[in-house]
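A short write-up of the structure that comes next.
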Amino acid sequence: LLSWDDQKSISAEEMEKYLTRFLKDDAKTKLRVTPRLTTEIFLRGILRTLWDIDRLLRVSNPADELKRFTRESPLVLSILRVMAYEFMWMPTGTVGMARQSAVDLMEKCSLSGKADRDWISSAVARMRTSFEKTHQDWEKKRRAREERKRAERAGFGGDDDVDKVLAARP
């Protein structure tokens, strides 16, 4: 993870290669430890979450701006990652709440550059909007599936008839 280049996107396969190499070689030779299964599961979870967060950052923000701002200040990337992680665990919120959370975090981190602060605020708003749209699309698809299932059941003559048919089957 320490050698992971933040400016390049990494595939799931590459991530798996890095982790496998670390667990099989680096941990044993450099750190002189034998990782337990729980350690491997924990590390896989962290890396996959970070991979998802970075994917969300790339999808929601213009690539050239994202590269420019995160290359110039690793703190910007860290703040964006924290905010994306917050969206994953607090899906109900508004763009205004997201911006305020970002402002609070930038204050705690003492991020001073006005251009960085303004860009983070707009990036967080884009991410929040993208995250909300994805959730709404997923919810529409879920409701459509439920409606199809209800319609299929209604075609059998109601739920009671379906239960009788299913109970009669061997």
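Starting from 1 in every chain, residues are counted up; chains themselves are A, B, ... following the order of the structure tokens, and ligands are numbered from 1 as listed.
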Got a sec: who's within 10 Å of A:Pro62, counting only C-alpha atoms, leaving out chain neighbours fewer than 5 positions off, as a ChimeraX atom specification? /A:57,67,123,126
A:Arg58: which residues within 12 Å, counting only C-alpha atoms, same-chain residues fewer than 2 positions away excluded, as a list in words?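 So, after excluding close chain neighbours, the residues are Asp6, Gln7, Lys8, Ser9, Ile10, Trp51, Asp52, Ile53, Asp54, Arg55, Leu56, Ser60, Asn61, Pro62, Ala63, Asp64, Glu65, Leu66, Lys67, Thr70, Leu77, Leu80, Arg81, Ala84, Ala123, Arg126, Met127 and Ser130 of chain A.
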Ranking A:Ser110, A:Thr49, A:Ser101, A:Ser73 by minimum distance to A:Tyr85 and counting only C-alpha atoms, which one comes first?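 Among A:Ser110, A:Thr49, A:Ser101, A:Ser73, it is A:Thr49 that comes nearest to A:Tyr85.
Here atom CA of A:Thr29 and atom CA of A:Leu50 stand 25.7 Å from one another.
Atom CA of A:Met88 is found 23.9 Å from atom CA of A:Ala144.
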Run DSSP on the backbone of this structure and report the residues of chain A it assigns to helix (DSSP H, G or I), as a ChimeraX atom specification. /A:12-29,37-60,63-72,74-89,95-109,114-155,159-168
List the spatial neighbours of A:Arg128 as a count of residues only - criterion: any atom at most 10 Å away, only C-alpha atoms, same-chain residues fewer than 3 positions off excluded. 21
In Å, how far is it from atom CA of A:His135 to atom CA of A:Ala102? 21.0 Å
Close residues, A:Cys109 itself excluded, 12 Å, only C-alpha atoms, min 2 positions apart in chain, as a list in words: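 Surrounding residues, per the criterion: Pro74, Leu75, Val76, Ser78, Ile79, Val82, Ala102, Val103, Asp104, Leu105, Met106, Glu107, Leu111, Ser112, Gly113 and Arg117 of chain A.
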Name the residues in contact with A:Leu19 at a cut-off of 12 Å, using only C-alpha atoms, excluding same-chain residues fewer than 6 positions from it; report them as a list in words. Leu1, Leu2, Ser3, Trp4, Ala12, Glu13, Asp25, Asp26, Ala27, Pro35, Thr39, Glu40, Ile41, Phe42, Leu43, Arg44, Gly45, Ile46, Leu47 and Arg48 of chain A
